[in-house]
Structure formats: structure tokens, C-alpha cells
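Here's input.tsv, which has TSV, C-alpha atoms:
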chain	number	residue	atom	x	y	z
A	1	MET	CA	0.00	0.00	0.00
A	2	GLU	CA	2.91	2.34	0.49
A	3	LYS	CA	3.73	4.55	-2.47
A	4	PRO	CA	5.33	8.00	-2.54
A	5	LYS	CA	3.27	11.11	-3.35
A	6	THR	CA	0.03	9.55	-2.25
A	7	TRP	CA	-2.58	9.84	0.45
A	8	SER	CA	-3.34	6.70	2.39
A	9	LEU	CA	-5.92	6.87	5.16
A	10	PRO	CA	-8.07	4.49	7.19
A	11	PHE	CA	-11.81	4.62	6.60
A	12	ILE	CA	-14.72	2.89	8.30
A	13	THR	CA	-16.64	0.65	5.93
A	14	GLY	CA	-20.30	1.40	5.35
A	15	ASN	CA	-19.72	5.14	5.27
A	16	ILE	CA	-19.71	7.91	2.68
A	17	TYR	CA	-16.87	10.41	2.65
A	18	ALA	CA	-16.34	13.58	0.68
A	19	ILE	CA	-12.79	14.03	-0.56
A	20	TRP	CA	-11.16	17.20	-1.81
A	21	TRP	CA	-7.79	18.86	-1.80
A	22	GLY	CA	-6.96	21.98	0.13
A	23	SER	CA	-5.73	23.91	-2.87
A	24	GLY	CA	-8.97	23.27	-4.74
A	25	LEU	CA	-7.25	20.89	-7.12
A	26	ASP	CA	-9.68	19.85	-9.88
A	27	PHE	CA	-8.06	16.54	-10.72
A	28	THR	CA	-8.67	14.70	-13.96
A	29	ASN	CA	-6.96	11.45	-13.02
A	30	VAL	CA	-6.83	9.59	-9.76
A	31	ALA	CA	-6.02	6.00	-8.90
A	32	ILE	CA	-7.56	4.47	-5.80
A	33	SER	CA	-6.29	1.34	-4.15
A	34	SER	CA	-7.63	-0.38	-1.06
A	35	THR	CA	-6.10	-2.80	1.35
A	36	SER	CA	-5.95	-6.47	0.51
A	37	LEU	CA	-7.83	-7.04	3.78
A	38	PHE	CA	-11.06	-5.90	2.14
A	39	THR	CA	-13.41	-8.89	1.89
A	40	SER	CA	-16.57	-9.37	-0.11
A	41	ASN	CA	-18.51	-9.50	3.16
A	42	ASP	CA	-17.47	-5.96	4.09
A	43	ASN	CA	-19.68	-3.02	3.28
A	44	GLY	CA	-18.19	-0.64	0.77
A	45	VAL	CA	-16.83	2.86	1.25
A	46	ILE	CA	-18.19	5.52	-1.08
A	47	PHE	CA	-16.15	8.60	-1.95
A	48	LYS	CA	-17.77	11.73	-3.25
A	49	PHE	CA	-15.76	14.23	-5.25
A	50	ASN	CA	-16.97	17.62	-6.30
A	51	TYR	CA	-15.47	19.49	-9.20
A	52	THR	CA	-15.72	22.83	-10.91
A	53	ILE	CA	-14.72	22.44	-14.55
A	54	ASN	CA	-17.25	20.46	-16.56
A	55	ARG	CA	-16.75	16.70	-16.81
A	56	GLU	CA	-18.81	15.15	-19.57
A	57	THR	CA	-18.37	11.74	-18.04
A	58	TYR	CA	-15.77	9.56	-16.34
A	59	HIS	CA	-13.89	6.52	-17.45
A	60	VAL	CA	-13.44	4.18	-14.51
A	61	GLY	CA	-11.85	0.78	-14.58
A	62	PRO	CA	-9.73	-1.69	-12.64
A	63	MET	CA	-6.00	-1.95	-13.26
A	64	ARG	CA	-4.98	-5.48	-12.41
A	65	GLY	CA	-1.84	-7.53	-12.77
A	66	GLY	CA	0.33	-4.84	-14.33
A	67	GLN	CA	-2.31	-3.91	-16.89
A	68	PRO	CA	-1.20	-0.91	-18.97
A	69	PHE	CA	-2.74	2.47	-18.25
A	70	THR	CA	-4.19	2.64	-21.76
A	71	THR	CA	-6.18	-0.61	-21.68
A	72	LEU	CA	-8.70	0.18	-19.02
A	73	ASN	CA	-11.73	-2.13	-18.91
A	74	PHE	CA	-14.47	0.39	-18.36
A	75	ILE	CA	-17.00	-0.15	-15.62
A	76	PRO	CA	-20.43	1.10	-16.74
A	77	GLU	CA	-21.94	3.93	-14.74
A	78	TYR	CA	-24.37	2.87	-12.04
A	79	VAL	CA	-28.01	3.40	-12.98
A	80	ALA	CA	-30.57	2.89	-10.24
A	81	GLU	CA	-33.42	0.51	-10.98
A	82	GLY	CA	-37.03	1.43	-10.38
A	83	ASN	CA	-39.19	4.47	-10.89
A	84	SER	CA	-37.74	7.82	-10.00
A	85	SER	CA	-41.19	8.97	-8.85
A	86	SER	CA	-41.28	6.26	-6.17
A	87	PRO	CA	-40.62	7.51	-2.61
A	88	SER	CA	-38.12	4.69	-2.06
A	89	TYR	CA	-36.18	5.43	-5.23
A	90	ASP	CA	-32.52	6.06	-4.50
A	91	PRO	CA	-30.34	7.11	-7.43
A	92	TYR	CA	-27.08	6.74	-5.51
A	93	LEU	CA	-24.73	3.83	-4.96
A	94	ASP	CA	-25.67	1.37	-2.22
A	95	LEU	CA	-22.98	0.84	0.43
A	96	THR	CA	-24.08	-2.72	1.12
A	97	VAL	CA	-23.93	-4.06	-2.43
A	98	CYS	CA	-21.68	-1.77	-4.49
A	99	GLU	CA	-18.71	-3.47	-6.09
A	100	ASN	CA	-15.19	-2.14	-6.30
A	101	GLY	CA	-15.11	0.70	-8.82
A	102	ASP	CA	-18.87	1.16	-9.20
A	103	TRP	CA	-19.50	4.82	-9.86
A	104	TYR	CA	-22.23	7.41	-10.27
A	105	HIS	CA	-21.95	10.79	-11.93
A	106	ASN	CA	-24.30	13.76	-11.88
A	107	ASN	CA	-23.07	16.57	-14.09
A	108	ASP	CA	-25.88	19.01	-13.30
A	109	ASN	CA	-24.44	22.45	-12.83
A	110	SER	CA	-25.96	22.68	-9.37
A	111	SER	CA	-25.30	21.60	-5.81
A	112	PHE	CA	-26.02	18.02	-6.94
A	113	ARG	CA	-22.98	17.98	-9.22
A	114	MET	CA	-20.88	15.07	-8.04
A	115	PHE	CA	-18.83	12.05	-8.89
A	116	THR	CA	-19.03	9.12	-6.49
A	117	VAL	CA	-17.07	5.90	-6.59
A	118	CYS	CA	-17.26	2.80	-4.41
A	119	GLN	CA	-14.32	0.96	-2.92
A	120	SER	CA	-15.28	-2.50	-1.84
A	121	GLY	CA	-14.07	-6.05	-1.45
A	122	LYS	CA	-16.70	-7.18	-3.95
A	123	ASN	CA	-15.41	-7.87	-7.48
A	124	LYS	CA	-11.90	-6.95	-6.38
A	125	THR	CA	-8.65	-8.78	-6.80
A	126	LEU	CA	-6.13	-8.77	-3.98
A	127	PHE	CA	-4.10	-5.91	-5.39
A	128	GLU	CA	-5.52	-3.52	-7.93
A	129	TYR	CA	-6.08	0.14	-8.66
A	130	THR	CA	-9.38	1.71	-9.55
A	131	GLN	CA	-8.34	4.18	-12.21
A	132	VAL	CA	-10.57	7.24	-12.61
A	133	ASN	CA	-10.20	9.43	-15.69
A	134	ALA	CA	-12.34	12.52	-16.14
A	135	VAL	CA	-13.54	13.16	-19.66
A	136	ILE	CA	-13.69	16.85	-20.52
A	137	CYS	CA	-15.40	17.80	-23.77
B	1	MET	CA	-22.17	1.02	23.16
B	2	PRO	CA	-19.19	3.11	24.31
B	3	PHE	CA	-16.31	1.14	25.65
B	4	ASP	CA	-13.44	1.70	27.99
B	5	ALA	CA	-10.49	1.91	25.66
B	6	ASN	CA	-8.31	0.39	28.35
B	7	ALA	CA	-10.60	-2.48	29.16
B	8	PRO	CA	-8.48	-5.62	29.41
B	9	SER	CA	-11.43	-7.76	28.41
B	10	ARG	CA	-11.47	-6.55	24.83
B	11	THR	CA	-10.65	-9.43	22.52
B	12	SER	CA	-10.44	-7.59	19.22
B	13	GLY	CA	-10.22	-4.08	17.84
B	14	THR	CA	-8.33	-1.80	15.53
B	15	ILE	CA	-6.01	1.03	16.48
B	16	VAL	CA	-5.91	3.95	14.06
B	17	SER	CA	-4.54	7.47	14.12
B	18	ASN	CA	-6.80	10.13	15.53
B	19	TYR	CA	-8.23	11.36	12.25
B	20	PRO	CA	-11.21	13.72	12.61
B	21	HIS	CA	-13.29	11.89	9.99
B	22	ILE	CA	-13.23	8.90	12.33
B	23	ALA	CA	-12.95	10.50	15.77
B	24	ILE	CA	-15.83	12.92	15.30
B	25	TYR	CA	-18.30	10.64	13.57
B	26	GLN	CA	-17.56	7.24	15.13
B	27	GLN	CA	-17.88	8.23	18.76
B	28	ASN	CA	-19.80	5.07	19.57
B	29	ASN	CA	-17.18	2.64	18.42
B	30	CYS	CA	-13.86	4.47	17.91
B	31	LEU	CA	-12.68	6.22	21.05
B	32	SER	CA	-9.49	7.76	22.22
B	33	SER	CA	-7.94	6.53	25.40
B	34	PRO	CA	-8.50	8.51	28.59
B	35	ILE	CA	-4.83	7.81	29.30
B	36	ALA	CA	-3.14	9.73	26.49
B	37	ALA	CA	0.33	8.87	27.69
B	38	ALA	CA	-0.40	5.19	27.27
B	39	TRP	CA	-1.87	5.33	23.80
B	40	ASP	CA	-0.48	8.53	22.35
B	41	ASN	CA	-2.93	10.12	19.89
B	42	ALA	CA	-4.65	6.95	18.79
B	43	LEU	CA	-8.24	5.82	18.45
B	44	MET	CA	-9.32	2.36	19.37
B	45	CYS	CA	-12.17	1.03	17.27
B	46	ASP	CA	-14.19	-1.87	18.58
B	47	GLN	CA	-15.31	-4.89	16.60
B	48	THR	CA	-18.37	-3.08	15.22
B	49	ALA	CA	-16.19	-0.79	13.13
B	50	THR	CA	-14.45	-2.33	10.14
B	51	VAL	CA	-11.39	-0.26	9.31
B	52	ARG	CA	-9.90	-0.43	5.83
B	53	ARG	CA	-7.00	1.61	4.49
B	54	ILE	CA	-7.52	3.23	1.10
B	55	MET	CA	-4.92	5.03	-0.96
B	56	PHE	CA	-5.26	7.88	-3.47
B	57	THR	CA	-2.57	8.56	-5.99
B	58	ASN	CA	-1.94	9.56	-9.59
B	59	LEU	CA	-0.17	6.87	-11.55
B	60	ALA	CA	0.60	9.04	-14.58
B	61	ASP	CA	1.99	11.98	-12.64
B	62	PRO	CA	2.54	11.32	-8.94
B	63	TYR	CA	3.49	14.94	-8.37
B	64	ILE	CA	-0.10	16.03	-8.98
B	65	PHE	CA	-0.85	15.29	-5.33
B	66	ASN	CA	2.52	16.32	-3.99
B	67	HIS	CA	2.16	18.88	-1.18
B	68	GLN	CA	-1.60	18.88	-1.66
B	69	THR	CA	-3.44	18.67	1.63
B	70	MET	CA	-6.25	16.16	1.39
B	71	LYS	CA	-9.53	16.90	3.11
B	72	VAL	CA	-12.01	14.26	4.22
B	73	LEU	CA	-15.53	14.85	5.46
B	74	TYR	CA	-18.00	12.24	6.66
B	75	LEU	CA	-21.34	12.50	4.87
B	76	TYR	CA	-24.64	11.20	6.15
B	77	ASN	CA	-25.96	10.90	2.58
B	78	ALA	CA	-24.41	11.07	-0.85
B	79	SER	CA	-26.75	13.93	-1.64
B	80	ASP	CA	-25.33	16.09	1.15
B	81	VAL	CA	-24.05	19.30	-0.33
B	82	LEU	CA	-20.32	19.70	0.02
B	83	ASP	CA	-19.24	23.22	0.83
B	84	PRO	CA	-15.56	23.13	1.81

Would you mind writing the structure in this file as C-alpha cells?
Amino acid sequence: MEKPKTWSLPFITGNIYAIWWGSGLDFTNVAISSTSLFTSNDNGVIFKFNYTINRETYHVGPMRGGQPFTTLNFIPEYVAEGNSSSPSYDPYLDLTVCENGDWYHNNDNSSFRMFTVCQSGKNKTLFEYTQVNAVIC
Amino acid sequence: MPFDANAPSRTSGTIVSNYPHIAIYQQNNCLSSPIAAAWDNALMCDQTATVRRIMFTNLADPYIFNHQTMKVLYLYNASDVLDP
């Protein structure tokens, strides 16, 4: 887990955390890696990133086994099932079932603008990065 | 249920640094020791809190995050508005 020029912090599973950088850095690429102790029985951890400059979408995918940066296997964006008019409808990722790298993006130019990504032991190899690339059109 | 961080009967737990995103929002299951000299600035999380370390980096240009302070805030819901 140790790598120079990185941030590595403990988080409690089953929680949602907002992440940002003190300088207001509007990153376009980030790689997230979680401990090999993550198991498929653990709840996930969801990270929420805000941003300022428009992101048309994100390309998110696992980097496993020395896979080159350019051959990302994209994970499709999470789309909630059900009717959005239903009171129980929840458009966001579910901490209990989200798999490693699942993501949700809302590009509305409002307070709901966000990118969220799940880190989980589900659908995760022992050592891998979740590579996140912002797509700016 | 709050626990005595020095209780000898505890059979499992996780010791983490006293980060605010854990200390402030996990007061039921991650507590600091009342004896600071014994445990320094640590939190002791009981068995109800699963602690996992997660790393953020930039593989293409590691210097992107060099000298950048990272901020973490616990959110009750993903829809909570973030206003750093």
C-alpha cells in the first residue's frame, strides 16, 4: 500500500466520505487502491468528489496484474433501478452491495454535481487500482 | 455502546490514528484513550467498526498530489451538499 506522493488513510466501511484537496485541485486522473484485507462481506466505502470544470463523463476501470494504463476495462456507470417517482427510489450507490469501482456521476451544474465511486471487497482482486479518468469535452 | 479503551477484556479491535473523519463521527465505536500517555494520539475502534486503508494517488503523474493537503468529510448521505 505504500507509495510516494500519495494519500493513504483508514476509513470505516459502510460510510460515505467527501474528498477534496486543500488547494482546490480539480483533478482529472486519480487511482484508488484499497487494502488487501477488504473482503466481499465488508460493506463498501463511497467517496464523493466535487469538481468545478465540466466533466462530460468519467472513465473508470480496474488496473490489475500490471495492466497498462491505456487498456482500461471500463466499468459502466451505475443506474438505479425502479421508478424515480417512487418515494423509495434512491439514485445513488448502495454501500451494502456496491462493487469495487462502481460509480455514479451527476453533471448538473448545481449543488447536486458530483462524482461518487465505491471501494469495496466485492469484485476486487487482492491488489488492484481503480483508475478514474475525467472526460472533458 | 461506548467502551473503555483500556478495558483488558477486549478481545479484538483496531487502532488507528486520531483522524477527525473517524474520531468525530464514530464516537460510539472508535474512542481515544482517557490515558493519552499510554496510547499517544490513537483511536481504538471496537469490533463493530471495520477499518480499511484506502490510498489515493496519480499513476501518470505522482506529483499532482505532492504537497496537496487532502480533506475528508464524513457524509450522512451522498446527496449532502459539500461546501468546503

Exercise. Using all atoms listed in the file, which of the listed residues (A:Ala134, A:Met114, A:Leu126, A:Cys98) sits closest to chain B?
Worked result: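 With all atoms listed in the file as the atom set, the closest residue is A:Met114.
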
For this session: Give as number ranges by chain every residue of chain A that touches chain B within 9 Å, counting only C-alpha atoms.
Result: A: 1-23, 25, 27, 29-38, 42-43, 45-50, 69, 92-93, 111-112, 114, 116, 119, 131

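Atom CA of Glu128 of chain A to atom CA of Met63 of chain A spans 5.6 Å [interatomic distance, one decimal].
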
Seminar exercise, completed: Taken to one decimal, the atom CA of Gly101 of chain A-atom CA of Gly44 of chain A distance is 10.2 Å

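With only C-alpha atoms as the atoms that count, the residue of A:Pro76, A:Gly24, A:Gly65, A:Pro91 with the shortest distance to Thr52 of chain A is A:Gly24.
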
Problem set entry | Atom-to-atom span, atom CA of Glu81 of chain A and atom CA of Ile53 of chain A, Å | 29.0 Å

For this session: Write out as a count of residues only which residues come within 7 Å of segment 55-62 of chain A when counting all atoms listed in the file, dropping same-chain ones fewer than 3 positions away.
Result: 16

Exercise. Of the candidates A:Asn109, A:Asn83, A:Thr125, A:Ser120, which one gets nearest to Val97 of chain A if we count all atoms listed in the file?
Worked result: A:Ser120
